[in-house]
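Structure file run.txt (compact mmCIF, C-alpha atoms) is printed below.
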# COMPACT_ATOMS: atom_id res chain seq x y z
CA MET A 182 87.12 103.73 150.47
CA PRO A 183 84.29 106.21 151.15
CA GLY A 184 83.26 108.26 148.14
CA PHE A 185 85.27 106.16 145.72
CA ASP A 186 82.22 105.45 143.54
CA ALA A 187 80.84 108.98 143.88
CA PRO A 188 79.77 110.40 140.48
CA ASP A 189 82.02 113.45 140.89
CA ARG A 190 85.24 111.42 141.22
CA THR A 191 87.19 113.07 138.40
CA VAL A 192 90.74 114.01 137.54
CA ALA A 193 90.80 116.90 135.09
CA ALA A 194 93.48 117.76 132.58
CA GLY A 195 95.00 120.53 134.68
CA SER A 196 98.27 121.92 133.33
CA HIS A 197 99.30 118.64 131.72
CA ARG A 198 99.42 118.23 127.96
CA PRO A 199 96.35 116.30 126.80
CA LEU A 200 96.83 113.24 124.64
CA GLY A 201 95.70 114.10 121.12
CA ALA A 202 93.96 117.22 119.91
CA GLY A 203 90.92 119.00 121.30
CA SER A 204 89.43 119.04 124.77
CA ALA A 205 90.20 116.46 127.42
CA ARG A 206 88.65 113.07 126.79
CA GLN A 207 86.63 111.25 129.41
CA PHE A 208 88.06 107.89 130.44
CA LEU A 209 85.76 105.60 132.40
CA PHE A 210 87.65 102.90 134.29
CA VAL A 211 86.45 100.17 136.64
CA ASP A 212 88.51 97.95 138.92
CA ASP A 213 87.59 96.64 142.35
CA ASN A 214 91.21 97.09 143.47
CA VAL A 215 91.23 100.65 144.78
CA TYR A 216 95.02 100.94 144.58
CA ILE A 217 95.19 99.95 140.93
CA ALA A 218 92.25 102.18 140.06
CA GLN A 219 93.86 105.16 141.79
CA ALA A 220 97.21 104.49 140.09
CA ILE A 221 95.49 104.39 136.71
CA GLN A 222 93.61 107.57 137.63
CA ARG A 223 96.88 109.36 138.42
CA VAL A 224 98.64 108.23 135.24
CA ALA A 225 95.67 108.93 132.96
CA GLY A 226 95.05 112.27 134.67
CA SER A 227 98.70 113.24 134.19
CA CYS A 228 98.21 112.51 130.49
CA GLY A 229 95.35 115.00 130.29
CA LEU A 230 92.41 112.61 130.46
CA GLU A 231 89.36 113.25 132.64
CA VAL A 232 89.09 110.06 134.64
CA ARG A 233 85.93 108.66 136.20
CA LEU A 234 86.36 105.61 138.41
CA ALA A 235 84.00 102.85 139.42
CA THR A 236 84.63 99.82 141.62
CA THR A 237 81.70 97.64 140.55
CA ALA A 238 80.18 96.56 137.26
CA GLY A 239 76.88 98.15 138.34
CA SER A 240 78.39 101.56 139.05
CA PHE A 241 80.31 101.32 135.76
CA CYS A 242 77.07 100.76 133.82
CA GLN A 243 75.40 103.69 135.58
CA ARG A 244 78.34 106.01 134.82
CA TYR A 245 78.47 104.81 131.22
CA HIS A 246 74.92 106.07 130.72
CA GLU A 247 75.67 109.36 132.50
CA LEU A 248 78.89 110.12 130.62
CA VAL A 249 78.97 108.30 127.28
CA PRO A 250 82.77 108.21 127.74
CA ASP A 251 85.34 108.64 124.99
CA LEU A 252 87.58 105.85 126.34
CA ILE A 253 86.85 102.82 128.50
CA GLY A 254 88.96 100.53 130.64
CA PHE A 255 88.06 97.67 132.93
CA ASP A 256 89.42 94.77 134.91
CA LEU A 257 88.14 91.33 133.98
CA ALA A 258 87.85 89.99 137.53
CA MET A 259 85.56 91.77 139.97
CA PRO A 260 83.21 90.48 142.63
CA GLY A 261 79.52 90.90 141.85
CA GLY A 262 80.06 91.24 138.09
CA ASP A 263 82.98 90.69 135.79
CA GLY A 264 84.52 91.99 132.60
CA ILE A 265 82.66 89.46 130.47
CA GLU A 266 79.37 90.95 131.70
CA LEU A 267 80.74 94.39 130.83
CA ILE A 268 81.61 93.18 127.33
CA ARG A 269 78.00 92.00 126.90
CA PHE A 270 76.67 95.28 128.30
CA LEU A 271 78.87 97.46 126.06
CA ALA A 272 78.01 95.39 122.98
CA ALA A 273 74.28 95.71 123.74
CA GLU A 274 74.76 99.48 124.10
CA GLY A 275 76.48 99.69 120.71
CA CYS A 276 79.62 101.12 122.29
CA LYS A 277 82.20 102.38 119.78
CA ALA A 278 84.69 103.83 122.28
CA PRO A 279 88.23 102.38 122.33
CA ILE A 280 88.54 99.86 125.16
CA LEU A 281 91.42 98.75 127.40
CA ILE A 282 91.06 95.41 129.22
CA ILE A 283 93.28 94.71 132.22
CA THR A 284 93.60 91.50 134.22
CA GLY A 285 95.81 89.56 136.53
CA HIS A 286 94.54 86.33 134.94
CA ASP A 287 96.44 84.16 132.52
CA GLN A 288 97.28 85.72 129.14
CA ARG A 289 94.97 83.20 127.42
CA VAL A 290 92.00 84.49 129.44
CA LEU A 291 92.86 88.06 128.45
CA ALA A 292 93.16 87.10 124.78
CA ALA A 293 89.85 85.20 124.89
CA ALA A 294 88.06 88.19 126.45
CA ALA A 295 89.48 90.55 123.81
CA ARG A 296 88.43 88.15 121.06
CA LEU A 297 84.90 87.93 122.52
CA GLY A 298 84.65 91.71 122.63
CA ARG A 299 85.80 92.09 119.04
CA GLU A 300 83.38 89.38 117.90
CA ARG A 301 80.59 91.41 119.51
CA GLY A 302 81.64 94.54 117.63
CA LEU A 303 83.60 96.29 120.38
CA ASN A 304 86.71 98.35 119.72
CA ILE A 305 89.13 96.43 121.96
CA VAL A 306 92.32 98.39 121.34
CA GLU A 307 94.60 97.33 124.19
CA THR A 308 95.04 94.62 126.79
CA LEU A 309 97.36 94.72 129.80
CA SER A 310 98.41 92.00 132.21
CA LYS A 311 98.91 92.90 135.87
CA PRO A 312 101.41 93.92 137.03
CA PHE A 313 102.31 96.54 134.44
CA SER A 314 104.65 99.52 134.41
CA VAL A 315 103.68 103.17 134.25
CA GLU A 316 105.36 103.38 130.83
CA THR A 317 103.32 100.44 129.52
CA LEU A 318 100.11 102.02 130.84
CA LYS A 319 100.95 105.38 129.25
CA ALA A 320 101.63 103.68 125.91
CA ALA A 321 98.29 101.85 126.14
CA LEU A 322 96.45 105.10 126.93
CA GLU A 323 98.15 106.85 124.00
CA HIS A 324 97.02 104.01 121.74
CA LEU A 325 93.44 104.39 123.03
CA VAL A 326 93.45 108.11 122.30
CA GLU A 327 94.88 107.55 118.81
CA ALA A 328 92.10 105.02 118.16
CA ALA A 329 89.51 107.56 119.33
CA ILE A 330 90.89 110.20 116.99
CA VAL A 331 91.13 107.88 113.99
CA GLY A 332 87.75 106.26 114.70
CA GLY A 333 86.00 109.56 115.25
CA ALA A 334 84.94 108.59 118.78
CA GLU A 335 85.56 112.18 119.87
CA LYS A 336 82.73 113.28 117.59
CA THR A 337 80.20 110.55 118.31
CA GLY A 338 80.88 109.75 121.95
CA GLY A 339 81.19 106.25 123.26
CA ALA A 340 77.75 105.00 122.26
CA LYS A 341 75.93 104.87 119.02
CA LYS A 342 73.34 107.61 118.62
Have the structure of the file written as structure tokens, please.
Amino acid sequence: MPGFDAPDRTVAAGSHRPLGAGSARQFLFVDDNVYIAQAIQRVAGSCGLEVRLATTAGSFCQRYHELVPDLIGFDLAMPGGDGIELIRFLAAEGCKAPILIITGHDQRVLAAAARLGRERGLNIVETLSKPFSVETLKAALEHLVEAAIVGGAEKTGGAKK
């Protein structure tokens, strides 16, 4: 989809009630499946999050440096780079932002990826298996925001300073 990875691809809070207190939080999400990414963008945007999308691990890493997002989400399986590489990247960056991992893979793969992330010091807060419902996604996003508030991620940004 042309422009999908453009840096200005954002959904702002609009008239919707933001999750948690304060200004809208930036949620960086990457999935090579455009339809899933857009669905997540709509749901997260309706919850008051500013959503930035990427469709490749490379564009995710670039946006991470540009934004230092408050919340992060990614799919484990992507061509040209996968979620395990993103876990390594985020750990090397000292990321403290709450993270949501999504996959269509077996539940054991999802659990292993979450365990790897936690072992590397990442704040893996939620995991979702595809397909998932809008209600399940909203609950996961609410949990991410709560983790950001409790962890102070809204004060320090996604990366260590």
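Among the candidates A:Ile283, A:Ile253, A:Ile268, A:Ala295, the residue lying nearest to Gln207 in chain A is A:Ile253 (atoms considered: all atoms listed in the file).
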Q. Of the candidates A:Glu231, A:Glu307, A:Glu323, A:Glu247, which one gets nearest to Ala294 in chain A if we count all atoms listed in the file?
A. A:Glu307
Q.
Counting all atoms listed in the file, which residue out of A:Cys228, A:Cys276, A:Ala292, A:Val331 sits closest to Ser310 in chain A?
A.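 Once distances to Ser310 in chain A are computed over all atoms listed in the file, the minimum belongs to A:Ala292.
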**Q.** Option closest in space to Arg244 in chain A, from A:Gly226, A:Gly285, A:Val211, A:Ala278 [counting only C-alpha atoms]
**A.**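 With only C-alpha atoms as the atom set, the closest residue is A:Val211.
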(Q) Could you check the closest approach to Gln243 in chain A for each of A:Leu209, A:Ala273, A:Ala225, A:Ile217 and tell me which residue wins, using all atoms listed in the file? (A)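 Counting all atoms listed in the file, the residue closest to Gln243 in chain A is A:Leu209.
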Q) In Å, how far is it from CA of Leu271 in chain A to CA of Pro250 in chain A? A)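 Rounded to one decimal, the two atoms are 11.6 Å apart.
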Q. Any idea what the distance is between CA of Ile305 in chain A and CA of Asp256 in chain A?
A. 13.1 Å
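With CA of Gly264 in chain A on one side and CA of Leu309 in chain A on the other, the separation reads 13.4 Å.
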